[in-house]
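Below is data_19.txt, which holds compact mmCIF, N, CA, C and O atoms.
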# COMPACT_ATOMS: atom_id res chain seq x y z
N ARG I 1 0.84 -1.17 0.00
CA ARG I 1 0.00 0.00 0.00
C ARG I 1 0.88 1.23 0.00
O ARG I 1 1.72 1.40 0.86
N GLY I 2 0.70 2.13 -0.98
CA GLY I 2 1.55 3.30 -1.12
C GLY I 2 1.07 4.49 -0.31
O GLY I 2 -0.01 4.50 0.26
N THR I 3 1.90 5.50 -0.28
CA THR I 3 1.59 6.74 0.40
C THR I 3 0.88 7.67 -0.57
O THR I 3 1.24 7.76 -1.74
N CYS I 4 -0.11 8.40 -0.07
CA CYS I 4 -0.84 9.36 -0.89
C CYS I 4 -0.49 10.78 -0.48
O CYS I 4 -0.10 11.03 0.66
N GLN I 5 -0.62 11.70 -1.41
CA GLN I 5 -0.34 13.11 -1.18
C GLN I 5 -1.56 13.93 -1.57
O GLN I 5 -2.10 13.78 -2.67
N PHE I 6 -1.99 14.82 -0.68
CA PHE I 6 -3.08 15.74 -0.94
C PHE I 6 -2.59 16.74 -1.98
O PHE I 6 -1.57 17.39 -1.79
N ILE I 7 -3.31 16.87 -3.11
CA ILE I 7 -2.84 17.78 -4.15
C ILE I 7 -3.76 18.97 -4.38
O ILE I 7 -3.35 19.94 -5.01
N GLY I 8 -5.00 18.91 -3.91
CA GLY I 8 -5.85 20.07 -4.14
C GLY I 8 -7.24 19.92 -3.58
O GLY I 8 -7.68 18.85 -3.19
N LEU I 9 -7.93 21.06 -3.56
CA LEU I 9 -9.28 21.17 -3.03
C LEU I 9 -10.17 21.78 -4.10
O LEU I 9 -9.86 22.85 -4.65
N VAL I 10 -11.27 21.11 -4.43
CA VAL I 10 -12.21 21.64 -5.40
C VAL I 10 -12.92 22.85 -4.79
O VAL I 10 -13.44 22.78 -3.68
N THR I 11 -12.91 23.97 -5.53
CA THR I 11 -13.57 25.18 -5.06
C THR I 11 -14.82 25.52 -5.85
O THR I 11 -15.61 26.34 -5.43
N GLY I 12 -14.99 24.88 -7.02
CA GLY I 12 -16.17 25.18 -7.82
C GLY I 12 -16.13 24.48 -9.16
O GLY I 12 -15.26 23.63 -9.42
N TYR I 13 -17.07 24.85 -10.03
CA TYR I 13 -17.19 24.26 -11.36
C TYR I 13 -17.61 25.35 -12.33
O TYR I 13 -18.52 26.13 -12.04
N ASP I 14 -16.94 25.43 -13.46
CA ASP I 14 -17.29 26.39 -14.51
C ASP I 14 -18.08 25.64 -15.57
O ASP I 14 -17.51 24.94 -16.41
N ALA I 15 -19.41 25.78 -15.53
CA ALA I 15 -20.28 25.05 -16.46
C ALA I 15 -20.07 25.50 -17.90
O ALA I 15 -20.25 24.72 -18.83
N ALA I 16 -19.69 26.76 -18.10
CA ALA I 16 -19.49 27.28 -19.45
C ALA I 16 -18.32 26.58 -20.15
O ALA I 16 -18.35 26.38 -21.37
N THR I 17 -17.28 26.21 -19.39
CA THR I 17 -16.10 25.57 -19.99
C THR I 17 -16.02 24.07 -19.66
O THR I 17 -15.18 23.37 -20.22
N GLY I 18 -16.86 23.60 -18.73
CA GLY I 18 -16.81 22.19 -18.33
C GLY I 18 -15.55 21.86 -17.56
O GLY I 18 -14.93 20.82 -17.77
N GLU I 19 -15.17 22.76 -16.63
CA GLU I 19 -13.94 22.56 -15.88
C GLU I 19 -14.18 22.65 -14.37
O GLU I 19 -14.91 23.51 -13.90
N VAL I 20 -13.52 21.73 -13.66
CA VAL I 20 -13.49 21.78 -12.20
C VAL I 20 -12.43 22.81 -11.81
O VAL I 20 -11.35 22.84 -12.40
N LEU I 21 -12.75 23.64 -10.83
CA LEU I 21 -11.80 24.64 -10.33
C LEU I 21 -11.17 24.09 -9.06
O LEU I 21 -11.87 23.69 -8.13
N VAL I 22 -9.85 24.05 -9.04
CA VAL I 22 -9.11 23.42 -7.95
C VAL I 22 -8.08 24.39 -7.40
O VAL I 22 -7.33 25.02 -8.17
N GLU I 23 -8.03 24.50 -6.07
CA GLU I 23 -6.94 25.23 -5.42
C GLU I 23 -5.84 24.21 -5.14
O GLU I 23 -6.02 23.29 -4.34
N GLN I 24 -4.72 24.36 -5.83
CA GLN I 24 -3.63 23.40 -5.77
C GLN I 24 -2.88 23.51 -4.45
O GLN I 24 -2.70 24.60 -3.92
N ARG I 25 -2.46 22.37 -3.90
CA ARG I 25 -1.69 22.34 -2.65
C ARG I 25 -0.33 21.67 -2.81
O ARG I 25 0.62 22.03 -2.14
N ASN I 26 -0.24 20.68 -3.68
CA ASN I 26 1.03 20.02 -3.99
C ASN I 26 1.08 19.77 -5.49
O ASN I 26 0.05 19.63 -6.14
N ARG I 27 2.28 19.71 -6.01
CA ARG I 27 2.48 19.60 -7.45
C ARG I 27 1.83 18.34 -8.03
O ARG I 27 1.94 17.25 -7.46
N PHE I 28 1.19 18.54 -9.18
CA PHE I 28 0.69 17.41 -9.95
C PHE I 28 0.72 17.79 -11.42
O PHE I 28 0.91 18.95 -11.77
N ARG I 29 0.55 16.79 -12.29
CA ARG I 29 0.73 16.99 -13.73
C ARG I 29 -0.43 16.40 -14.52
O ARG I 29 -1.13 15.50 -14.03
N ALA I 30 -0.56 16.87 -15.75
CA ALA I 30 -1.48 16.23 -16.68
C ALA I 30 -1.03 14.78 -16.84
O ALA I 30 0.16 14.50 -16.92
N GLY I 31 -1.97 13.87 -16.82
CA GLY I 31 -1.67 12.44 -16.91
C GLY I 31 -1.66 11.73 -15.58
O GLY I 31 -1.72 10.50 -15.52
N ASP I 32 -1.61 12.49 -14.46
CA ASP I 32 -1.63 11.87 -13.14
C ASP I 32 -2.98 11.21 -12.87
O ASP I 32 -4.03 11.70 -13.31
N LEU I 33 -2.94 10.12 -12.15
CA LEU I 33 -4.16 9.44 -11.71
C LEU I 33 -4.47 9.93 -10.29
O LEU I 33 -3.66 9.76 -9.38
N LEU I 34 -5.62 10.58 -10.15
CA LEU I 34 -6.00 11.15 -8.87
C LEU I 34 -7.09 10.33 -8.20
O LEU I 34 -7.90 9.69 -8.88
N THR I 35 -7.12 10.37 -6.89
CA THR I 35 -8.24 9.84 -6.12
C THR I 35 -9.11 11.03 -5.73
O THR I 35 -8.61 12.03 -5.23
N VAL I 36 -10.39 10.91 -6.02
CA VAL I 36 -11.36 11.97 -5.75
C VAL I 36 -12.17 11.54 -4.53
O VAL I 36 -12.78 10.48 -4.53
N MET I 37 -12.15 12.38 -3.49
CA MET I 37 -12.85 12.08 -2.24
C MET I 37 -13.93 13.14 -2.02
O MET I 37 -13.65 14.21 -1.49
N ARG I 38 -15.15 12.83 -2.50
CA ARG I 38 -16.27 13.77 -2.38
C ARG I 38 -16.84 13.74 -0.97
O ARG I 38 -16.89 12.68 -0.34
N PRO I 39 -17.33 14.89 -0.48
CA PRO I 39 -17.94 14.90 0.85
C PRO I 39 -19.29 14.19 0.87
O PRO I 39 -19.77 13.83 1.94
N ASP I 40 -19.89 13.95 -0.32
CA ASP I 40 -21.24 13.40 -0.37
C ASP I 40 -21.36 12.09 -1.15
O ASP I 40 -22.44 11.74 -1.59
N GLY I 41 -20.26 11.39 -1.33
CA GLY I 41 -20.37 10.16 -2.11
C GLY I 41 -19.12 9.33 -2.04
O GLY I 41 -18.16 9.69 -1.35
N PRO I 42 -19.10 8.22 -2.78
CA PRO I 42 -17.94 7.33 -2.74
C PRO I 42 -16.73 7.94 -3.44
O PRO I 42 -16.86 8.78 -4.32
N ASP I 43 -15.55 7.46 -3.03
CA ASP I 43 -14.30 7.87 -3.68
C ASP I 43 -14.20 7.19 -5.04
O ASP I 43 -14.76 6.11 -5.26
N PHE I 44 -13.47 7.82 -5.96
CA PHE I 44 -13.19 7.21 -7.26
C PHE I 44 -11.89 7.77 -7.80
O PHE I 44 -11.36 8.75 -7.27
N THR I 45 -11.36 7.13 -8.84
CA THR I 45 -10.12 7.61 -9.45
C THR I 45 -10.44 8.30 -10.77
O THR I 45 -11.45 8.01 -11.41
N TRP I 46 -9.53 9.22 -11.16
CA TRP I 46 -9.73 10.03 -12.34
C TRP I 46 -8.38 10.43 -12.90
O TRP I 46 -7.54 10.93 -12.17
N ARG I 47 -8.16 10.17 -14.18
CA ARG I 47 -6.91 10.56 -14.82
C ARG I 47 -7.07 11.97 -15.39
O ARG I 47 -7.98 12.25 -16.15
N VAL I 48 -6.15 12.86 -15.02
CA VAL I 48 -6.19 14.25 -15.47
C VAL I 48 -5.72 14.31 -16.92
O VAL I 48 -4.58 13.95 -17.22
N ASP I 49 -6.62 14.74 -17.82
CA ASP I 49 -6.27 14.80 -19.24
C ASP I 49 -5.55 16.09 -19.63
O ASP I 49 -4.80 16.12 -20.58
N GLY I 50 -5.82 17.16 -18.92
CA GLY I 50 -5.21 18.44 -19.24
C GLY I 50 -5.39 19.42 -18.10
O GLY I 50 -6.26 19.22 -17.24
N LEU I 51 -4.61 20.47 -18.11
CA LEU I 51 -4.68 21.49 -17.06
C LEU I 51 -4.63 22.86 -17.72
O LEU I 51 -3.97 23.06 -18.74
N ARG I 52 -5.30 23.82 -17.06
CA ARG I 52 -5.17 25.22 -17.46
C ARG I 52 -5.02 26.04 -16.18
O ARG I 52 -5.55 25.66 -15.13
N ASP I 53 -4.32 27.16 -16.30
CA ASP I 53 -4.18 28.02 -15.14
C ASP I 53 -5.45 28.86 -14.95
O ASP I 53 -6.41 28.73 -15.73
N GLY I 54 -5.46 29.71 -13.95
CA GLY I 54 -6.64 30.51 -13.65
C GLY I 54 -7.07 31.43 -14.76
O GLY I 54 -8.24 31.79 -14.87
N GLU I 55 -6.13 31.81 -15.64
CA GLU I 55 -6.46 32.67 -16.78
C GLU I 55 -6.85 31.87 -18.02
O GLU I 55 -7.11 32.45 -19.07
N GLY I 56 -6.84 30.54 -17.91
CA GLY I 56 -7.25 29.70 -19.03
C GLY I 56 -6.14 29.27 -19.96
O GLY I 56 -6.40 28.67 -20.99
N GLN I 57 -4.89 29.54 -19.59
CA GLN I 57 -3.76 29.15 -20.44
C GLN I 57 -3.36 27.70 -20.14
O GLN I 57 -3.27 27.31 -18.98
N PRO I 58 -3.13 26.89 -21.18
CA PRO I 58 -2.70 25.50 -20.96
C PRO I 58 -1.39 25.44 -20.17
O PRO I 58 -0.48 26.23 -20.41
N ILE I 59 -1.32 24.49 -19.24
CA ILE I 59 -0.09 24.23 -18.47
C ILE I 59 0.12 22.73 -18.42
O ILE I 59 -0.85 21.96 -18.52
N SER I 60 1.36 22.30 -18.25
CA SER I 60 1.65 20.86 -18.18
C SER I 60 1.60 20.35 -16.75
O SER I 60 1.37 19.16 -16.52
N ASP I 61 1.85 21.25 -15.78
CA ASP I 61 1.78 20.84 -14.39
C ASP I 61 1.41 22.03 -13.51
O ASP I 61 1.57 23.18 -13.91
N ALA I 62 0.89 21.70 -12.34
CA ALA I 62 0.53 22.70 -11.34
C ALA I 62 1.59 22.66 -10.27
O ALA I 62 1.69 21.69 -9.54
N LYS I 63 2.42 23.71 -10.21
CA LYS I 63 3.57 23.66 -9.32
C LYS I 63 3.65 24.81 -8.33
O LYS I 63 4.54 24.83 -7.50
N THR I 64 2.74 25.76 -8.41
CA THR I 64 2.76 26.91 -7.49
C THR I 64 1.69 26.69 -6.42
O THR I 64 0.51 26.62 -6.74
N PRO I 65 2.07 26.60 -5.15
CA PRO I 65 1.08 26.36 -4.09
C PRO I 65 -0.06 27.37 -4.11
O PRO I 65 0.15 28.56 -4.29
N GLN I 66 -1.25 26.84 -3.97
CA GLN I 66 -2.51 27.58 -3.90
C GLN I 66 -2.89 28.28 -5.19
O GLN I 66 -3.76 29.14 -5.20
N MET I 67 -2.26 27.90 -6.31
CA MET I 67 -2.69 28.46 -7.59
C MET I 67 -4.04 27.85 -7.97
O MET I 67 -4.37 26.73 -7.57
N LEU I 68 -4.84 28.60 -8.72
CA LEU I 68 -6.10 28.09 -9.23
C LEU I 68 -5.83 27.32 -10.50
O LEU I 68 -5.17 27.83 -11.42
N VAL I 69 -6.30 26.09 -10.54
CA VAL I 69 -6.11 25.21 -11.69
C VAL I 69 -7.48 24.82 -12.22
O VAL I 69 -8.40 24.54 -11.45
N ARG I 70 -7.60 24.80 -13.53
CA ARG I 70 -8.84 24.41 -14.20
C ARG I 70 -8.61 23.06 -14.88
O ARG I 70 -7.66 22.92 -15.65
N ILE I 71 -9.47 22.08 -14.56
CA ILE I 71 -9.29 20.72 -15.09
C ILE I 71 -10.59 20.30 -15.77
O ILE I 71 -11.66 20.32 -15.15
N PRO I 72 -10.53 19.89 -17.05
CA PRO I 72 -11.75 19.45 -17.73
C PRO I 72 -12.37 18.24 -17.02
O PRO I 72 -11.67 17.28 -16.67
N TYR I 73 -13.68 18.33 -16.79
CA TYR I 73 -14.43 17.22 -16.20
C TYR I 73 -15.88 17.38 -16.63
O TYR I 73 -16.40 18.50 -16.62
N PRO I 74 -16.56 16.29 -16.99
CA PRO I 74 -17.90 16.42 -17.60
C PRO I 74 -19.04 16.81 -16.66
O PRO I 74 -20.13 17.11 -17.13
N GLU I 75 -18.80 16.81 -15.37
CA GLU I 75 -19.88 17.15 -14.44
C GLU I 75 -19.31 17.85 -13.20
O GLU I 75 -18.12 17.69 -12.90
N PRO I 76 -20.13 18.62 -12.51
CA PRO I 76 -19.62 19.31 -11.31
C PRO I 76 -19.19 18.33 -10.23
O PRO I 76 -19.78 17.26 -10.06
N LEU I 77 -18.15 18.72 -9.51
CA LEU I 77 -17.77 18.04 -8.27
C LEU I 77 -18.07 19.03 -7.16
O LEU I 77 -17.84 20.23 -7.31
N PRO I 78 -18.59 18.56 -6.02
CA PRO I 78 -18.96 19.49 -4.96
C PRO I 78 -17.76 20.24 -4.38
O PRO I 78 -16.66 19.69 -4.32
N PRO I 79 -17.99 21.48 -3.97
CA PRO I 79 -16.92 22.19 -3.26
C PRO I 79 -16.46 21.35 -2.06
O PRO I 79 -17.24 20.61 -1.47
N TYR I 80 -15.20 21.49 -1.73
CA TYR I 80 -14.54 20.77 -0.63
C TYR I 80 -14.24 19.32 -0.97
O TYR I 80 -13.84 18.56 -0.10
N THR I 81 -14.43 18.93 -2.23
CA THR I 81 -13.95 17.62 -2.66
C THR I 81 -12.42 17.64 -2.60
O THR I 81 -11.79 18.61 -3.04
N LEU I 82 -11.83 16.60 -2.03
CA LEU I 82 -10.38 16.50 -1.90
C LEU I 82 -9.81 15.67 -3.04
O LEU I 82 -10.40 14.66 -3.43
N LEU I 83 -8.65 16.08 -3.55
CA LEU I 83 -7.95 15.34 -4.60
C LEU I 83 -6.59 14.91 -4.07
O LEU I 83 -5.89 15.71 -3.44
N SER I 84 -6.25 13.66 -4.30
CA SER I 84 -4.93 13.17 -3.88
C SER I 84 -4.36 12.29 -4.99
O SER I 84 -5.07 11.89 -5.91
N ARG I 85 -3.08 12.02 -4.87
CA ARG I 85 -2.43 11.09 -5.81
C ARG I 85 -1.50 10.19 -5.02
O ARG I 85 -0.98 10.55 -3.98
N ARG I 86 -1.33 9.00 -5.54
CA ARG I 86 -0.44 8.03 -4.91
C ARG I 86 0.99 8.34 -5.29
O ARG I 86 1.30 8.56 -6.47
N LEU I 87 1.86 8.34 -4.31
CA LEU I 87 3.29 8.54 -4.56
C LEU I 87 3.92 7.20 -4.89
O LEU I 87 3.45 6.15 -4.47
N ALA I 88 5.02 7.24 -5.61
CA ALA I 88 5.72 6.01 -5.96
C ALA I 88 6.16 5.29 -4.69
O ALA I 88 6.58 5.91 -3.73
N ASP I 89 6.03 3.97 -4.72
CA ASP I 89 6.44 3.16 -3.56
C ASP I 89 7.94 3.11 -3.42
O ASP I 89 8.68 3.24 -4.31
Step by step, read the file and then write its structure as structure tokens.
Amino acid sequence: RGTCQFIGLVTGYDAATGEVLVEQRNRFRAGDLLTVMRPDGPDFTWRVDGLRDGEGQPISDAKTPQMLVRIPYPEPLPPYTLLSRRLAD
């Protein structure tokens, strides 16, 4: 069983662009497999297909603490949903 790292907190959803808004806490990259821990439902995994910064510019990774990151996702995730990723064993 590996160690997990908290990488961000969902703060909202932009229905116009279909993106989850995340306040980043630890570095993560496009392609990472995340565990999604919703306050109102079961946990699930999700592979990040792409990232954009708060201004909508494409980025390959989120590396600045507490930066706003926009991640494409087909449906809203509730605020305070936690995102984590497994670290290499």
Can you pull out every residue within 12 Å of Gly56 (chain I), counting only C-alpha atoms, but drop anything in the same chain fewer than 4 positions away, and send it as a PDB file with N, CA, C and O atoms, in the coordinates of the input?
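Saved file around_39.pdb follows:
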ATOM      1  N   ASP I  14     -16.940  25.430 -13.460  1.00  0.00           N
ATOM      2  CA  ASP I  14     -17.290  26.390 -14.510  1.00  0.00           C
ATOM      3  C   ASP I  14     -18.080  25.640 -15.570  1.00  0.00           C
ATOM      4  O   ASP I  14     -17.510  24.940 -16.410  1.00  0.00           O
ATOM      5  N   THR I  17     -17.280  26.210 -19.390  1.00  0.00           N
ATOM      6  CA  THR I  17     -16.100  25.570 -19.990  1.00  0.00           C
ATOM      7  C   THR I  17     -16.020  24.070 -19.660  1.00  0.00           C
ATOM      8  O   THR I  17     -15.180  23.370 -20.220  1.00  0.00           O
ATOM      9  N   GLU I  19     -15.170  22.760 -16.630  1.00  0.00           N
ATOM     10  CA  GLU I  19     -13.940  22.560 -15.880  1.00  0.00           C
ATOM     11  C   GLU I  19     -14.180  22.650 -14.370  1.00  0.00           C
ATOM     12  O   GLU I  19     -14.910  23.510 -13.900  1.00  0.00           O
ATOM     13  N   LEU I  21     -12.750  23.640 -10.830  1.00  0.00           N
ATOM     14  CA  LEU I  21     -11.800  24.640 -10.330  1.00  0.00           C
ATOM     15  C   LEU I  21     -11.170  24.090  -9.060  1.00  0.00           C
ATOM     16  O   LEU I  21     -11.870  23.690  -8.130  1.00  0.00           O
ATOM     17  N   GLY I  50      -5.820  17.160 -18.920  1.00  0.00           N
ATOM     18  CA  GLY I  50      -5.210  18.440 -19.240  1.00  0.00           C
ATOM     19  C   GLY I  50      -5.390  19.420 -18.100  1.00  0.00           C
ATOM     20  O   GLY I  50      -6.260  19.220 -17.240  1.00  0.00           O
ATOM     21  N   LEU I  51      -4.610  20.470 -18.110  1.00  0.00           N
ATOM     22  CA  LEU I  51      -4.680  21.490 -17.060  1.00  0.00           C
ATOM     23  C   LEU I  51      -4.630  22.860 -17.720  1.00  0.00           C
ATOM     24  O   LEU I  51      -3.970  23.060 -18.740  1.00  0.00           O
ATOM     25  N   ARG I  52      -5.300  23.820 -17.060  1.00  0.00           N
ATOM     26  CA  ARG I  52      -5.170  25.220 -17.460  1.00  0.00           C
ATOM     27  C   ARG I  52      -5.020  26.040 -16.180  1.00  0.00           C
ATOM     28  O   ARG I  52      -5.550  25.660 -15.130  1.00  0.00           O
ATOM     29  N   LEU I  68      -4.840  28.600  -8.720  1.00  0.00           N
ATOM     30  CA  LEU I  68      -6.100  28.090  -9.230  1.00  0.00           C
ATOM     31  C   LEU I  68      -5.830  27.320 -10.500  1.00  0.00           C
ATOM     32  O   LEU I  68      -5.170  27.830 -11.420  1.00  0.00           O
ATOM     33  N   VAL I  69      -6.300  26.090 -10.540  1.00  0.00           N
ATOM     34  CA  VAL I  69      -6.110  25.210 -11.690  1.00  0.00           C
ATOM     35  C   VAL I  69      -7.480  24.820 -12.220  1.00  0.00           C
ATOM     36  O   VAL I  69      -8.400  24.540 -11.450  1.00  0.00           O
ATOM     37  N   ARG I  70      -7.600  24.800 -13.530  1.00  0.00           N
ATOM     38  CA  ARG I  70      -8.840  24.410 -14.200  1.00  0.00           C
ATOM     39  C   ARG I  70      -8.610  23.060 -14.880  1.00  0.00           C
ATOM     40  O   ARG I  70      -7.660  22.920 -15.650  1.00  0.00           O
ATOM     41  N   ILE I  71      -9.470  22.080 -14.560  1.00  0.00           N
ATOM     42  CA  ILE I  71      -9.290  20.720 -15.090  1.00  0.00           C
ATOM     43  C   ILE I  71     -10.590  20.300 -15.770  1.00  0.00           C
ATOM     44  O   ILE I  71     -11.660  20.320 -15.150  1.00  0.00           O
ATOM     45  N   PRO I  72     -10.530  19.890 -17.050  1.00  0.00           N
ATOM     46  CA  PRO I  72     -11.750  19.450 -17.730  1.00  0.00           C
ATOM     47  C   PRO I  72     -12.370  18.240 -17.020  1.00  0.00           C
ATOM     48  O   PRO I  72     -11.670  17.280 -16.670  1.00  0.00           O
TER      49      PRO I  72
END
Show me, as a PDB file with N, CA, C and O atoms, keeping the file's coordinate frame, the residues that have an atom within 8 Å of region 75-79 of chain I when counting all atoms listed in the file, minus same-chain residues fewer than 5 positions from it.
ATOM      1  N   LEU I   9      -7.930  21.060  -3.560  1.00  0.00           N
ATOM      2  CA  LEU I   9      -9.280  21.170  -3.030  1.00  0.00           C
ATOM      3  C   LEU I   9     -10.170  21.780  -4.100  1.00  0.00           C
ATOM      4  O   LEU I   9      -9.860  22.850  -4.650  1.00  0.00           O
ATOM      5  N   VAL I  10     -11.270  21.110  -4.430  1.00  0.00           N
ATOM      6  CA  VAL I  10     -12.210  21.640  -5.400  1.00  0.00           C
ATOM      7  C   VAL I  10     -12.920  22.850  -4.790  1.00  0.00           C
ATOM      8  O   VAL I  10     -13.440  22.780  -3.680  1.00  0.00           O
ATOM      9  N   THR I  11     -12.910  23.970  -5.530  1.00  0.00           N
ATOM     10  CA  THR I  11     -13.570  25.180  -5.060  1.00  0.00           C
ATOM     11  C   THR I  11     -14.820  25.520  -5.850  1.00  0.00           C
ATOM     12  O   THR I  11     -15.610  26.340  -5.430  1.00  0.00           O
ATOM     13  N   GLY I  12     -14.990  24.880  -7.020  1.00  0.00           N
ATOM     14  CA  GLY I  12     -16.170  25.180  -7.820  1.00  0.00           C
ATOM     15  C   GLY I  12     -16.130  24.480  -9.160  1.00  0.00           C
ATOM     16  O   GLY I  12     -15.260  23.630  -9.420  1.00  0.00           O
ATOM     17  N   TYR I  13     -17.070  24.850 -10.030  1.00  0.00           N
ATOM     18  CA  TYR I  13     -17.190  24.260 -11.360  1.00  0.00           C
ATOM     19  C   TYR I  13     -17.610  25.350 -12.330  1.00  0.00           C
ATOM     20  O   TYR I  13     -18.520  26.130 -12.040  1.00  0.00           O
ATOM     21  N   ASP I  14     -16.940  25.430 -13.460  1.00  0.00           N
ATOM     22  CA  ASP I  14     -17.290  26.390 -14.510  1.00  0.00           C
ATOM     23  C   ASP I  14     -18.080  25.640 -15.570  1.00  0.00           C
ATOM     24  O   ASP I  14     -17.510  24.940 -16.410  1.00  0.00           O
ATOM     25  N   ALA I  15     -19.410  25.780 -15.530  1.00  0.00           N
ATOM     26  CA  ALA I  15     -20.280  25.050 -16.460  1.00  0.00           C
ATOM     27  C   ALA I  15     -20.070  25.500 -17.900  1.00  0.00           C
ATOM     28  O   ALA I  15     -20.250  24.720 -18.830  1.00  0.00           O
ATOM     29  N   GLY I  18     -16.860  23.600 -18.730  1.00  0.00           N
ATOM     30  CA  GLY I  18     -16.810  22.190 -18.330  1.00  0.00           C
ATOM     31  C   GLY I  18     -15.550  21.860 -17.560  1.00  0.00           C
ATOM     32  O   GLY I  18     -14.930  20.820 -17.770  1.00  0.00           O
ATOM     33  N   GLU I  19     -15.170  22.760 -16.630  1.00  0.00           N
ATOM     34  CA  GLU I  19     -13.940  22.560 -15.880  1.00  0.00           C
ATOM     35  C   GLU I  19     -14.180  22.650 -14.370  1.00  0.00           C
ATOM     36  O   GLU I  19     -14.910  23.510 -13.900  1.00  0.00           O
ATOM     37  N   VAL I  20     -13.520  21.730 -13.660  1.00  0.00           N
ATOM     38  CA  VAL I  20     -13.490  21.780 -12.200  1.00  0.00           C
ATOM     39  C   VAL I  20     -12.430  22.810 -11.810  1.00  0.00           C
ATOM     40  O   VAL I  20     -11.350  22.840 -12.400  1.00  0.00           O
ATOM     41  N   LEU I  21     -12.750  23.640 -10.830  1.00  0.00           N
ATOM     42  CA  LEU I  21     -11.800  24.640 -10.330  1.00  0.00           C
ATOM     43  C   LEU I  21     -11.170  24.090  -9.060  1.00  0.00           C
ATOM     44  O   LEU I  21     -11.870  23.690  -8.130  1.00  0.00           O
ATOM     45  N   MET I  37     -12.150  12.380  -3.490  1.00  0.00           N
ATOM     46  CA  MET I  37     -12.850  12.080  -2.240  1.00  0.00           C
ATOM     47  C   MET I  37     -13.930  13.140  -2.020  1.00  0.00           C
ATOM     48  O   MET I  37     -13.650  14.210  -1.490  1.00  0.00           O
ATOM     49  N   ARG I  38     -15.150  12.830  -2.500  1.00  0.00           N
ATOM     50  CA  ARG I  38     -16.270  13.770  -2.380  1.00  0.00           C
ATOM     51  C   ARG I  38     -16.840  13.740  -0.970  1.00  0.00           C
ATOM     52  O   ARG I  38     -16.890  12.680  -0.340  1.00  0.00           O
ATOM     53  N   PRO I  39     -17.330  14.890  -0.480  1.00  0.00           N
ATOM     54  CA  PRO I  39     -17.940  14.900   0.850  1.00  0.00           C
ATOM     55  C   PRO I  39     -19.290  14.190   0.870  1.00  0.00           C
ATOM     56  O   PRO I  39     -19.770  13.830   1.940  1.00  0.00           O
ATOM     57  N   ASP I  40     -19.890  13.950  -0.320  1.00  0.00           N
ATOM     58  CA  ASP I  40     -21.240  13.400  -0.370  1.00  0.00           C
ATOM     59  C   ASP I  40     -21.360  12.090  -1.150  1.00  0.00           C
ATOM     60  O   ASP I  40     -22.440  11.740  -1.590  1.00  0.00           O
TER      61      ASP I  40
END
Could you pull out all residues of chain I with a DSSP call of strand (DSSP E or B) and give them as an MDAnalysis selection string?
-> chainID I and resid 4:14 19:24 28:29 33:37 44:47 51:53 58:59 61:62 68:72 82:86
Which residue out of I:Glu55, I:Asp32, I:Glu23, I:Asp49 has the minimum interatomic distance to Thr81 (chain I) when only C-alpha atoms are used?
->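 Looking only at the distances to Thr81 (chain I), the closest residue turns out to be I:Glu23.
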Interatomic distance, CA of Asp53 (chain I) to CA of Thr3 (chain I) (Å, one decimal) =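 Interatomic distance here is 27.0 Å.
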Determine, counting all atoms listed in the file, which protein, DNA and RNA residues have an atom within 4.5 Å of an atom of Leu83 (chain I); residues of the same chain fewer than 3 positions away are not included. Present the result as a list in words.
-> Gln5, Phe6, Ile7, Gly8 and Thr35 of chain I
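With only C-alpha atoms as the atoms that count, the minimum distance from Pro65 (chain I) to the choices I:Leu33, I:Ala88, I:Val22, I:Val48 is reached by I:Val22.
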For atom N of Gln24 (chain I) and atom O of Thr64 (chain I), the interatomic separation in Å (one decimal) |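 Separation of atom N of Gln24 (chain I) and atom O of Thr64 (chain I): 5.8 Å.
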Would you mind reading off the distance between atom C of Met67 (chain I) and atom O of Asp43 (chain I), one decimal, in Å?
->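 A separation of 24.4 Å between them.
The smallest atom-to-atom distance between Arg29 (chain I) and any of I:Ala16, I:Leu87, I:Gly54, I:Lys63, using only N, CA, C and O atoms, is found for I:Lys63.
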